[in-house]
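entry_13.csv (CSV, C-alpha atoms and all ligand atoms)
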chain,number,residue,atom,x,y,z
A,1,MET,CA,-7.6,-109.1,-150.8
A,2,SER,CA,-9.6,-110.2,-147.8
A,3,LEU,CA,-9.3,-111.2,-144.1
A,4,SER,CA,-11.9,-113.7,-143.1
A,5,VAL,CA,-12.7,-115.0,-139.6
A,6,ALA,CA,-15.2,-117.6,-138.6
A,7,CYS,CA,-14.8,-118.6,-135.0
A,8,SER,CA,-15.9,-118.9,-131.4
A,9,HIS,CA,-13.6,-118.5,-128.5
A,10,GLU,CA,-13.7,-119.1,-124.8
A,11,TYR,CA,-10.9,-118.5,-122.4
A,12,GLY,CA,-12.2,-121.1,-120.0
A,13,ALA,CA,-15.0,-123.6,-120.0
A,14,GLY,CA,-18.3,-121.6,-120.0
A,15,ARG,CA,-16.6,-118.2,-120.4
A,16,PRO,CA,-17.3,-117.3,-124.0
A,17,ALA,CA,-15.5,-114.2,-125.4
A,18,LEU,CA,-16.5,-114.7,-129.1
A,19,VAL,CA,-19.7,-116.5,-130.2
A,20,GLU,CA,-20.0,-117.6,-133.8
A,21,VAL,CA,-18.4,-114.6,-135.3
A,22,ASP,CA,-18.3,-114.9,-139.1
A,23,LEU,CA,-16.8,-111.9,-141.0
A,24,THR,CA,-15.0,-111.2,-144.2
A,25,LEU,CA,-13.2,-107.9,-144.3
A,26,ARG,CA,-12.1,-106.3,-147.5
A,27,ALA,CA,-10.0,-103.2,-148.5
A,28,GLY,CA,-11.0,-100.1,-146.5
A,29,VAL,CA,-11.3,-99.2,-142.9
A,30,THR,CA,-13.5,-101.2,-140.6
A,31,GLY,CA,-14.4,-99.8,-137.2
A,32,LEU,CA,-14.9,-102.3,-134.4
A,33,LEU,CA,-17.0,-100.9,-131.6
A,34,GLY,CA,-18.0,-102.4,-128.3
A,35,VAL,CA,-18.0,-101.7,-124.6
A,36,ASN,CA,-15.2,-103.0,-122.4
A,37,GLY,CA,-15.3,-106.8,-122.4
A,38,ALA,CA,-17.4,-107.0,-125.6
A,39,GLY,CA,-14.6,-109.1,-127.3
A,40,LYS,CA,-12.8,-106.6,-129.4
A,41,THR,CA,-9.3,-107.5,-128.2
A,42,THR,CA,-10.0,-111.2,-128.5
A,43,LEU,CA,-11.2,-110.8,-132.1
A,44,LEU,CA,-8.2,-108.7,-133.0
A,45,ARG,CA,-5.8,-111.2,-131.4
A,46,VAL,CA,-7.5,-114.0,-133.4
A,47,MET,CA,-7.2,-111.9,-136.6
A,48,SER,CA,-3.5,-111.1,-135.8
A,49,GLY,CA,-2.6,-114.8,-135.7
A,50,GLY,CA,-1.7,-114.5,-132.0
A,51,LEU,CA,-4.6,-116.4,-130.5
A,52,ARG,CA,-5.9,-119.6,-132.0
A,53,PRO,CA,-9.6,-119.6,-131.4
A,54,SER,CA,-11.2,-122.5,-129.6
A,55,VAL,CA,-13.3,-123.2,-132.7
A,56,GLY,CA,-12.8,-122.0,-136.2
A,57,ASP,CA,-10.1,-120.1,-138.1
A,58,ALA,CA,-8.9,-116.8,-139.5
A,59,ALA,CA,-7.3,-116.4,-142.9
A,60,VAL,CA,-5.7,-113.9,-145.2
A,61,ASP,CA,-6.8,-114.4,-148.8
A,62,GLY,CA,-7.7,-118.0,-147.8
A,63,THR,CA,-4.4,-118.8,-146.1
A,64,SER,CA,-5.0,-119.7,-142.5
A,65,LEU,CA,-3.2,-117.8,-139.8
A,66,TYR,CA,-3.0,-121.1,-137.8
A,67,GLY,CA,-2.3,-123.6,-140.5
A,68,ARG,CA,0.8,-125.0,-142.4
A,69,ARG,CA,1.4,-121.7,-144.2
A,70,ARG,CA,1.0,-119.6,-141.0
A,71,ARG,CA,4.3,-117.7,-141.5
A,72,GLN,CA,3.3,-116.6,-144.9
A,73,ALA,CA,-0.1,-115.4,-143.7
A,74,LEU,CA,1.5,-113.7,-140.6
A,75,SER,CA,3.9,-111.7,-142.7
A,76,ARG,CA,0.9,-109.9,-144.3
A,77,VAL,CA,-0.5,-108.7,-141.0
A,78,GLY,CA,0.5,-105.6,-138.9
A,79,TYR,CA,-0.8,-105.3,-135.3
A,80,LEU,CA,-0.9,-102.6,-132.7
A,81,PRO,CA,-1.8,-104.4,-129.5
A,82,GLN,CA,-3.9,-102.6,-126.8
A,83,HIS,CA,-0.9,-102.1,-124.5
A,84,PHE,CA,2.2,-101.5,-126.7
A,85,ASP,CA,5.4,-100.8,-124.9
A,86,ALA,CA,9.1,-101.4,-125.1
A,87,PRO,CA,12.0,-101.3,-122.6
A,88,ARG,CA,12.4,-97.9,-121.0
A,89,ARG,CA,16.0,-97.5,-122.0
A,90,ALA,CA,15.7,-98.7,-125.5
A,91,LYS,CA,15.9,-95.9,-128.1
A,92,VAL,CA,12.9,-95.3,-130.2
A,93,GLY,CA,14.6,-95.8,-133.6
A,94,ASP,CA,16.3,-99.1,-132.3
A,95,VAL,CA,12.9,-100.4,-131.2
A,96,LEU,CA,11.5,-99.9,-134.6
A,97,ARG,CA,14.5,-101.3,-136.5
A,98,TYR,CA,14.6,-104.3,-134.2
A,99,LEU,CA,10.9,-105.0,-134.7
A,100,GLY,CA,11.3,-104.6,-138.5
A,101,TRP,CA,14.1,-107.0,-138.5
A,102,MET,CA,12.0,-109.5,-136.5
A,103,ARG,CA,9.4,-109.2,-139.2
A,104,GLY,CA,12.0,-110.2,-141.9
A,105,LEU,CA,13.3,-106.9,-143.1
A,106,ASP,CA,17.1,-106.7,-143.7
A,107,THR,CA,19.1,-104.1,-141.8
A,108,ALA,CA,19.0,-101.4,-144.6
A,109,ARG,CA,15.2,-101.8,-145.2
A,110,ALA,CA,14.5,-101.8,-141.5
A,111,ARG,CA,16.5,-98.6,-141.1
A,112,ALA,CA,14.7,-96.9,-144.1
A,113,ALA,CA,11.3,-98.0,-142.9
A,114,ALA,CA,12.0,-96.8,-139.3
A,115,ASP,CA,13.1,-93.4,-140.6
A,116,ARG,CA,10.1,-93.0,-142.9
A,117,LEU,CA,7.6,-94.1,-140.3
A,118,LEU,CA,9.0,-91.9,-137.6
A,119,GLU,CA,8.4,-89.0,-140.0
A,120,VAL,CA,4.9,-90.2,-140.6
A,121,VAL,CA,4.0,-90.3,-136.9
A,122,GLY,CA,5.7,-87.0,-136.2
A,123,LEU,CA,8.6,-88.4,-134.1
A,124,ALA,CA,11.6,-88.0,-136.4
A,125,ASP,CA,13.3,-85.9,-133.8
A,126,ARG,CA,12.9,-88.6,-131.1
A,127,ALA,CA,14.7,-91.4,-132.9
A,128,ASP,CA,17.5,-91.4,-130.3
A,129,ALA,CA,15.2,-90.8,-127.3
A,130,PRO,CA,14.7,-93.6,-124.8
A,131,MET,CA,11.2,-95.1,-124.8
A,132,GLY,CA,10.9,-94.2,-121.1
A,133,SER,CA,11.0,-90.4,-122.0
A,134,LEU,CA,7.9,-90.5,-124.2
A,135,SER,CA,4.4,-89.5,-123.3
A,136,GLY,CA,1.5,-92.1,-123.6
A,137,GLY,CA,0.4,-90.5,-126.9
A,138,MET,CA,4.0,-90.7,-128.3
A,139,LYS,CA,4.3,-94.3,-127.3
A,140,ARG,CA,1.1,-95.1,-129.0
A,141,ARG,CA,2.4,-93.5,-132.2
A,142,VAL,CA,5.6,-95.6,-132.0
A,143,GLY,CA,3.3,-98.6,-131.6
A,144,PHE,CA,1.4,-97.5,-134.7
A,145,ALA,CA,4.7,-97.1,-136.6
A,146,GLN,CA,5.9,-100.6,-135.7
A,147,SER,CA,2.6,-102.0,-136.9
A,148,LEU,CA,3.4,-100.6,-140.4
A,149,MET,CA,7.1,-101.6,-140.5
A,150,ALA,CA,6.7,-104.5,-143.0
A,151,ASP,CA,4.2,-102.7,-145.1
A,152,PRO,CA,1.3,-105.1,-144.1
A,153,GLU,CA,-1.8,-105.6,-146.3
A,154,VAL,CA,-3.8,-106.2,-143.1
A,155,LEU,CA,-3.5,-103.6,-140.3
A,156,LEU,CA,-5.1,-104.2,-136.9
A,157,LEU,CA,-5.2,-101.3,-134.4
A,158,ASP,CA,-6.5,-102.2,-131.0
A,159,GLU,CA,-7.9,-99.0,-129.3
A,160,PRO,CA,-5.3,-96.8,-130.7
A,161,THR,CA,-6.8,-93.7,-129.1
A,162,THR,CA,-7.9,-95.0,-125.7
A,163,GLY,CA,-6.2,-93.5,-122.6
A,164,LEU,CA,-5.0,-90.4,-124.5
A,165,ASP,CA,-6.1,-86.9,-123.8
A,166,PRO,CA,-8.3,-85.2,-126.4
A,167,GLU,CA,-5.4,-83.5,-128.2
A,168,GLN,CA,-3.4,-86.7,-128.4
A,169,ARG,CA,-6.5,-88.6,-129.6
A,170,ALA,CA,-7.0,-86.1,-132.4
A,171,ALA,CA,-3.3,-86.3,-133.3
A,172,MET,CA,-3.5,-90.1,-133.4
A,173,ARG,CA,-6.7,-90.1,-135.5
A,174,ALA,CA,-5.1,-87.7,-137.9
A,175,VAL,CA,-2.0,-90.0,-138.3
A,176,ILE,CA,-4.2,-93.0,-139.0
A,177,ALA,CA,-6.4,-91.1,-141.4
A,178,ALA,CA,-3.4,-89.8,-143.3
A,179,GLN,CA,-2.4,-93.4,-144.2
A,180,GLU,CA,-3.6,-94.1,-147.7
A,181,ARG,CA,-3.8,-97.8,-147.6
A,182,ALA,CA,-4.9,-100.2,-150.2
A,183,GLY,CA,-5.4,-103.1,-147.8
A,184,VAL,CA,-7.7,-104.0,-144.9
A,185,THR,CA,-7.5,-101.8,-141.8
A,186,VAL,CA,-9.4,-102.5,-138.6
A,187,VAL,CA,-9.6,-99.9,-135.8
A,188,SER,CA,-11.3,-100.8,-132.5
A,189,SER,CA,-12.7,-98.4,-129.9
A,190,HIS,CA,-15.3,-98.2,-127.3
A,191,LEU,CA,-16.1,-94.7,-128.5
A,192,ILE,CA,-18.1,-94.2,-131.7
A,193,GLU,CA,-16.5,-90.7,-132.2
A,194,ASP,CA,-13.1,-92.3,-132.4
A,195,ILE,CA,-14.0,-94.4,-135.5
A,196,SER,CA,-16.9,-92.6,-137.1
A,197,THR,CA,-14.6,-90.3,-139.2
A,198,LEU,CA,-12.1,-93.1,-140.0
A,199,ALA,CA,-14.2,-96.1,-140.9
A,200,ASP,CA,-16.3,-97.0,-144.0
A,201,ARG,CA,-17.7,-100.0,-142.3
A,202,LEU,CA,-18.9,-100.5,-138.7
A,203,ILE,CA,-19.0,-103.7,-136.7
A,204,VAL,CA,-20.6,-103.6,-133.3
A,205,LEU,CA,-19.7,-106.4,-130.9
A,206,GLU,CA,-21.7,-107.2,-127.8
A,207,GLN,CA,-20.9,-110.0,-125.4
A,208,GLY,CA,-18.8,-111.6,-128.1
A,209,ARG,CA,-21.5,-111.5,-130.8
A,210,VAL,CA,-21.7,-109.3,-133.9
A,211,LEU,CA,-24.7,-107.0,-133.2
A,212,PHE,CA,-24.4,-104.7,-136.2
A,213,ASP,CA,-22.4,-105.0,-139.4
A,214,ASP,CA,-23.0,-102.4,-142.1
A,215,SER,CA,-21.6,-99.3,-143.7
A,216,MET,CA,-20.8,-96.3,-141.5
A,217,GLU,CA,-23.2,-94.5,-143.8
A,218,ALA,CA,-26.0,-96.9,-143.0
A,219,PHE,CA,-25.2,-96.6,-139.3
A,220,ARG,CA,-25.5,-92.8,-139.5
A,221,ARG,CA,-28.8,-93.0,-141.5
A,222,THR,CA,-30.4,-95.4,-139.0
A,223,ALA,CA,-29.1,-93.5,-136.1
A,224,GLU,CA,-30.4,-90.2,-137.4
A,225,GLY,CA,-32.5,-88.4,-134.9
A,226,THR,CA,-31.4,-90.5,-132.1
A,227,ASP,CA,-28.1,-89.9,-130.4
A,228,GLU,CA,-25.6,-92.6,-131.3
A,229,GLU,CA,-25.2,-93.9,-127.7
A,230,ARG,CA,-28.9,-94.3,-127.5
A,231,PHE,CA,-29.0,-96.0,-130.9
A,232,LEU,CA,-26.5,-98.5,-129.8
A,233,ARG,CA,-28.6,-99.3,-126.7
A,234,LEU,CA,-31.6,-99.7,-129.0
A,235,LEU,CA,-29.7,-102.2,-131.1
A,236,THR,CA,-28.9,-104.1,-128.0
A,237,THR,CA,-32.5,-104.2,-126.9
A,238,GLU,CA,-33.8,-105.2,-130.3
A,239,ARG,CA,-31.6,-108.2,-130.4
A,240,ARG,CA,-32.6,-109.3,-126.9
A,241,SER,CA,-36.4,-108.9,-127.4
A,301,LIG,N1,-6.6,-113.5,-121.1
A,301,LIG,C1,-7.9,-113.7,-120.7
A,301,LIG,N2,-8.2,-114.7,-119.8
A,301,LIG,C2,-9.5,-114.8,-119.4
A,301,LIG,N3,-10.5,-114.0,-119.8
A,301,LIG,C3,-10.2,-113.1,-120.7
A,301,LIG,C4,-8.9,-112.8,-121.2
A,301,LIG,N4,-8.9,-111.8,-122.0
A,301,LIG,C5,-10.2,-111.4,-122.1
A,301,LIG,N5,-11.0,-112.1,-121.3
A,301,LIG,C6,-12.5,-112.0,-121.1
A,301,LIG,O1,-13.0,-112.1,-122.4
A,301,LIG,C7,-14.1,-111.2,-122.6
A,301,LIG,C8,-13.8,-110.3,-123.8
A,301,LIG,O2,-12.7,-109.5,-123.5
A,301,LIG,P1,-11.9,-108.6,-124.5
A,301,LIG,O3,-10.7,-108.0,-123.9
A,301,LIG,O4,-11.7,-109.3,-125.8
A,301,LIG,O5,-12.9,-107.4,-124.8
A,301,LIG,P2,-12.7,-105.9,-125.2
A,301,LIG,O6,-14.0,-105.5,-126.0
A,301,LIG,O7,-11.4,-105.8,-126.0
A,301,LIG,O8,-12.6,-105.1,-123.9
A,301,LIG,P3,-11.5,-104.1,-123.4
A,301,LIG,O9,-11.7,-102.9,-124.1
A,301,LIG,O10,-11.8,-104.0,-121.9
A,301,LIG,O11,-10.2,-104.8,-123.6
A,301,LIG,C9,-14.2,-110.4,-121.3
A,301,LIG,O12,-15.2,-111.1,-120.5
A,301,LIG,C10,-12.9,-110.6,-120.7
A,301,LIG,O13,-13.0,-110.6,-119.2
Would you give me this structure, written as structure tokens?
Ligand SMILES: Nc1ncnc2c1ncn2[C@@H]1O[C@H](COP(=O)(O)OP(=O)(O)OP(=O)(O)O)[C@@H](O)[C@H]1O
Amino acid sequence: MSLSVACSHEYGAGRPALVEVDLTLRAGVTGLLGVNGAGKTTLLRVMSGGLRPSVGDAAVDGTSLYGRRRRQALSRVGYLPQHFDAPRRAKVGDVLRYLGWMRGLDTARARAAADRLLEVVGLADRADAPMGSLSGGMKRRVGFAQSLMADPEVLLLDEPTTGLDPEQRAAMRAVIAAQERAGVTVVSSHLIEDISTLADRLIVLEQGRVLFDDSMEAFRRTAEGTDEERFLRLLTTERRS
């Protein structure tokens, strides 16, 4: 299976956020790295079916996320947005069941999926707790659980560890790593350390362009001897010179 995207996007005239991005992602974990404003969220929104690009398209196994068979393509994608939240008074389990139902699961399947995923993210004992009582790290784990509710073949996680303290970040990474998925997973971050242990492939975005796209292994080999931050700066300089 594959997720392909070939597009450019600008939010307003002359304000490009993605420039001639052309990628095909296959099974495995792809890390999407870039500084704030590099275009990660925009790319993930395009790949989630939530933002039609100004030019081009995104498709799951050739079925466009913006075409006539959009619903079919959308049903195969799970998405954790950068700022996942839910009403403060809503109970955690109800939020998951509701989002599962929205994604087409019947009541029994939504209940079973919610129970199973709360176990997966270590929040089984919080099913009846209101969302407002959760820490930032716990909310992010609920967000991760909701992205998996309909068993998606494509899973898109926008900065799942950002804003968490080191302990919560490690817990979040462990939860993601423990998922043995057959499909495409994309994890974005502005920190290489957040994705280097998770991803097989690394894509670096800079000012909306793909600056680097190779295996994590190749990235490590090339970066050997330089620290990774410096290596990323070198990449940037190379392209500009
Ligand atoms: N809704 C929007 N309206 C106008 N401009 C936007 C909007 N969203 C993003 N941008 C701009 O598009 C560019 C890419 O932003 P994007 O959020 O995709 O980057 P990012 O790598 O995800 O950064 P961050 O980690 O800060 O979210 C930036 O210049 C940003 O200011």
Would you mind listing, for every residue of segment 5-119 of chain A within 12 Å of segment 188-209 of chain A, the two atoms forming the shortest contact and the distance between them in Å to one decimal, using only C-alpha atoms, sorted by chain and ascending residue number, as JSON lines?
{"residue": "A:Ala6", "atom": "CA", "partner": "A:Arg209", "partner_atom": "CA", "distance": 11.7}
{"residue": "A:Cys7", "atom": "CA", "partner": "A:Gly208", "partner_atom": "CA", "distance": 10.6}
{"residue": "A:Ser8", "atom": "CA", "partner": "A:Gly208", "partner_atom": "CA", "distance": 8.5}
{"residue": "A:His9", "atom": "CA", "partner": "A:Gly208", "partner_atom": "CA", "distance": 8.6}
{"residue": "A:Glu10", "atom": "CA", "partner": "A:Gly208", "partner_atom": "CA", "distance": 9.7}
{"residue": "A:Tyr11", "atom": "CA", "partner": "A:Gly208", "partner_atom": "CA", "distance": 11.9}
{"residue": "A:Arg15", "atom": "CA", "partner": "A:Gly208", "partner_atom": "CA", "distance": 10.4}
{"residue": "A:Pro16", "atom": "CA", "partner": "A:Gly208", "partner_atom": "CA", "distance": 7.2}
{"residue": "A:Ala17", "atom": "CA", "partner": "A:Gly208", "partner_atom": "CA", "distance": 5.0}
{"residue": "A:Leu18", "atom": "CA", "partner": "A:Gly208", "partner_atom": "CA", "distance": 4.0}
{"residue": "A:Val19", "atom": "CA", "partner": "A:Arg209", "partner_atom": "CA", "distance": 5.3}
{"residue": "A:Glu20", "atom": "CA", "partner": "A:Arg209", "partner_atom": "CA", "distance": 7.0}
{"residue": "A:Val21", "atom": "CA", "partner": "A:Arg209", "partner_atom": "CA", "distance": 6.3}
{"residue": "A:Asp22", "atom": "CA", "partner": "A:Arg209", "partner_atom": "CA", "distance": 9.5}
{"residue": "A:Leu23", "atom": "CA", "partner": "A:Ile203", "partner_atom": "CA", "distance": 9.5}
{"residue": "A:Thr24", "atom": "CA", "partner": "A:Ile203", "partner_atom": "CA", "distance": 11.3}
{"residue": "A:Leu25", "atom": "CA", "partner": "A:Arg201", "partner_atom": "CA", "distance": 9.3}
{"residue": "A:Arg26", "atom": "CA", "partner": "A:Arg201", "partner_atom": "CA", "distance": 9.9}
{"residue": "A:Ala27", "atom": "CA", "partner": "A:Asp200", "partner_atom": "CA", "distance": 9.9}
{"residue": "A:Gly28", "atom": "CA", "partner": "A:Asp200", "partner_atom": "CA", "distance": 6.6}
{"residue": "A:Val29", "atom": "CA", "partner": "A:Ala199", "partner_atom": "CA", "distance": 4.7}
{"residue": "A:Thr30", "atom": "CA", "partner": "A:Arg201", "partner_atom": "CA", "distance": 4.7}
{"residue": "A:Gly31", "atom": "CA", "partner": "A:Leu202", "partner_atom": "CA", "distance": 4.8}
{"residue": "A:Leu32", "atom": "CA", "partner": "A:Ser188", "partner_atom": "CA", "distance": 4.3}
{"residue": "A:Leu33", "atom": "CA", "partner": "A:Val204", "partner_atom": "CA", "distance": 4.8}
{"residue": "A:Gly34", "atom": "CA", "partner": "A:Leu205", "partner_atom": "CA", "distance": 5.1}
{"residue": "A:Val35", "atom": "CA", "partner": "A:His190", "partner_atom": "CA", "distance": 5.2}
{"residue": "A:Asn36", "atom": "CA", "partner": "A:His190", "partner_atom": "CA", "distance": 6.9}
{"residue": "A:Gly37", "atom": "CA", "partner": "A:Gln207", "partner_atom": "CA", "distance": 7.1}
{"residue": "A:Ala38", "atom": "CA", "partner": "A:Gln207", "partner_atom": "CA", "distance": 4.6}
{"residue": "A:Gly39", "atom": "CA", "partner": "A:Gly208", "partner_atom": "CA", "distance": 5.0}
{"residue": "A:Lys40", "atom": "CA", "partner": "A:Ser188", "partner_atom": "CA", "distance": 6.7}
{"residue": "A:Thr41", "atom": "CA", "partner": "A:Ser188", "partner_atom": "CA", "distance": 8.2}
{"residue": "A:Thr42", "atom": "CA", "partner": "A:Gly208", "partner_atom": "CA", "distance": 8.8}
{"residue": "A:Leu43", "atom": "CA", "partner": "A:Gly208", "partner_atom": "CA", "distance": 8.6}
{"residue": "A:Leu44", "atom": "CA", "partner": "A:Ser188", "partner_atom": "CA", "distance": 8.5}
{"residue": "A:Arg45", "atom": "CA", "partner": "A:Ser188", "partner_atom": "CA", "distance": 11.8}
{"residue": "A:Tyr79", "atom": "CA", "partner": "A:Ser188", "partner_atom": "CA", "distance": 11.8}
{"residue": "A:Leu80", "atom": "CA", "partner": "A:Ser188", "partner_atom": "CA", "distance": 10.6}
{"residue": "A:Pro81", "atom": "CA", "partner": "A:Ser188", "partner_atom": "CA", "distance": 10.6}
{"residue": "A:Gln82", "atom": "CA", "partner": "A:Ser188", "partner_atom": "CA", "distance": 9.5}
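For the pair atom CA of Val187 of chain A and atom P3 of ligand LIG 301 (chain A), the interatomic distance is 13.2 Å.
Rounded to one decimal, atom CA of Ala114 of chain A and atom CA of Asp158 of chain A lie 21.0 Å from each other.
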Next item on the list: Please identify all polymer residues within 12 Å of Glu119 of chain A, counting all atoms listed in the file, omitting same-chain residues fewer than 4 positions from it, and present them as an MDAnalysis selection string.
Entry: chainID A and resid 93 112:115 123:127 141:142 145 175
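Each of A:Thr162, A:Gln72, A:Arg116, A:Leu105 was checked against ligand LIG 301 (chain A) using only C-alpha atoms and all ligand atoms; the smallest atom-to-atom distance is that of A:Thr162.
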Notebook entry, point to check: What's the 8 Å shell around Arg140 of chain A, counting all atoms listed in the file, without same-chain residues fewer than 4 positions away, as a list in words?
Noted result: Phe84, Gly136, Phe144 and Pro160 of chain A
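Each of A:Gly137, A:Gly78, A:Pro130, A:Gly122 was checked against Val154 of chain A using all atoms listed in the file; the smallest atom-to-atom distance is that of A:Gly78.
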Quick one: everything within 9 Å of Met131 of chain A, counting all atoms listed in the file, minus sequence neighbours fewer than 6 positions away in the same chain. Send it as a PDB file with C-alpha atoms, in the coordinates of the input.
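And here is the file that came out, result33.pdb:
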ATOM      1  CA  ASP A  85       5.400-100.800-124.900  1.00  0.00           C
ATOM      2  CA  ALA A  86       9.100-101.400-125.100  1.00  0.00           C
ATOM      3  CA  PRO A  87      12.000-101.300-122.600  1.00  0.00           C
ATOM      4  CA  ARG A  88      12.400 -97.900-121.000  1.00  0.00           C
ATOM      5  CA  ARG A  89      16.000 -97.500-122.000  1.00  0.00           C
ATOM      6  CA  ALA A  90      15.700 -98.700-125.500  1.00  0.00           C
ATOM      7  CA  LYS A  91      15.900 -95.900-128.100  1.00  0.00           C
ATOM      8  CA  VAL A  92      12.900 -95.300-130.200  1.00  0.00           C
ATOM      9  CA  VAL A  95      12.900-100.400-131.200  1.00  0.00           C
ATOM     10  CA  LYS A 139       4.300 -94.300-127.300  1.00  0.00           C
TER      11      LYS A 139
END
Margin query: List as number ranges by chain the protein and nucleic acid residues near Val77 of chain A, meaning an atom at most 7 Å away when only C-alpha atoms are counted, but skip any in the same chain fewer than 4 places from it.
Written below: A: 48, 152-155
Item checked: Distance of atom CA of Asp61 of chain A from atom C8 of ligand LIG 301 (chain A), expressed in Å to one decimal place -> 26.3 Å
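In terms of minimum interatomic distance to Ala182 of chain A, A:Met1 ranks closest within A:Met1, A:Val46, A:Leu232, A:Ala58, counting only C-alpha atoms.
Comparing the minimum interatomic distances between ligand LIG 301 (chain A) and each of A:Arg68, A:Arg111, A:Arg221, A:His83, counting all atoms listed in the file, we find that A:His83 sits nearest.
The nearest approach to Leu74 of chain A among the residues A:Leu117, A:Ser2, A:Val60, A:Glu180, with all atoms listed in the file taken into account, belongs to A:Val60.
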Next item on the list: Would you mind telling me which residue in A:Thr222, A:Gln168, A:Ser133, A:Thr161 lies nearest to ligand LIG 301 (chain A) when using all atoms listed in the file?
Entry: A:Thr161
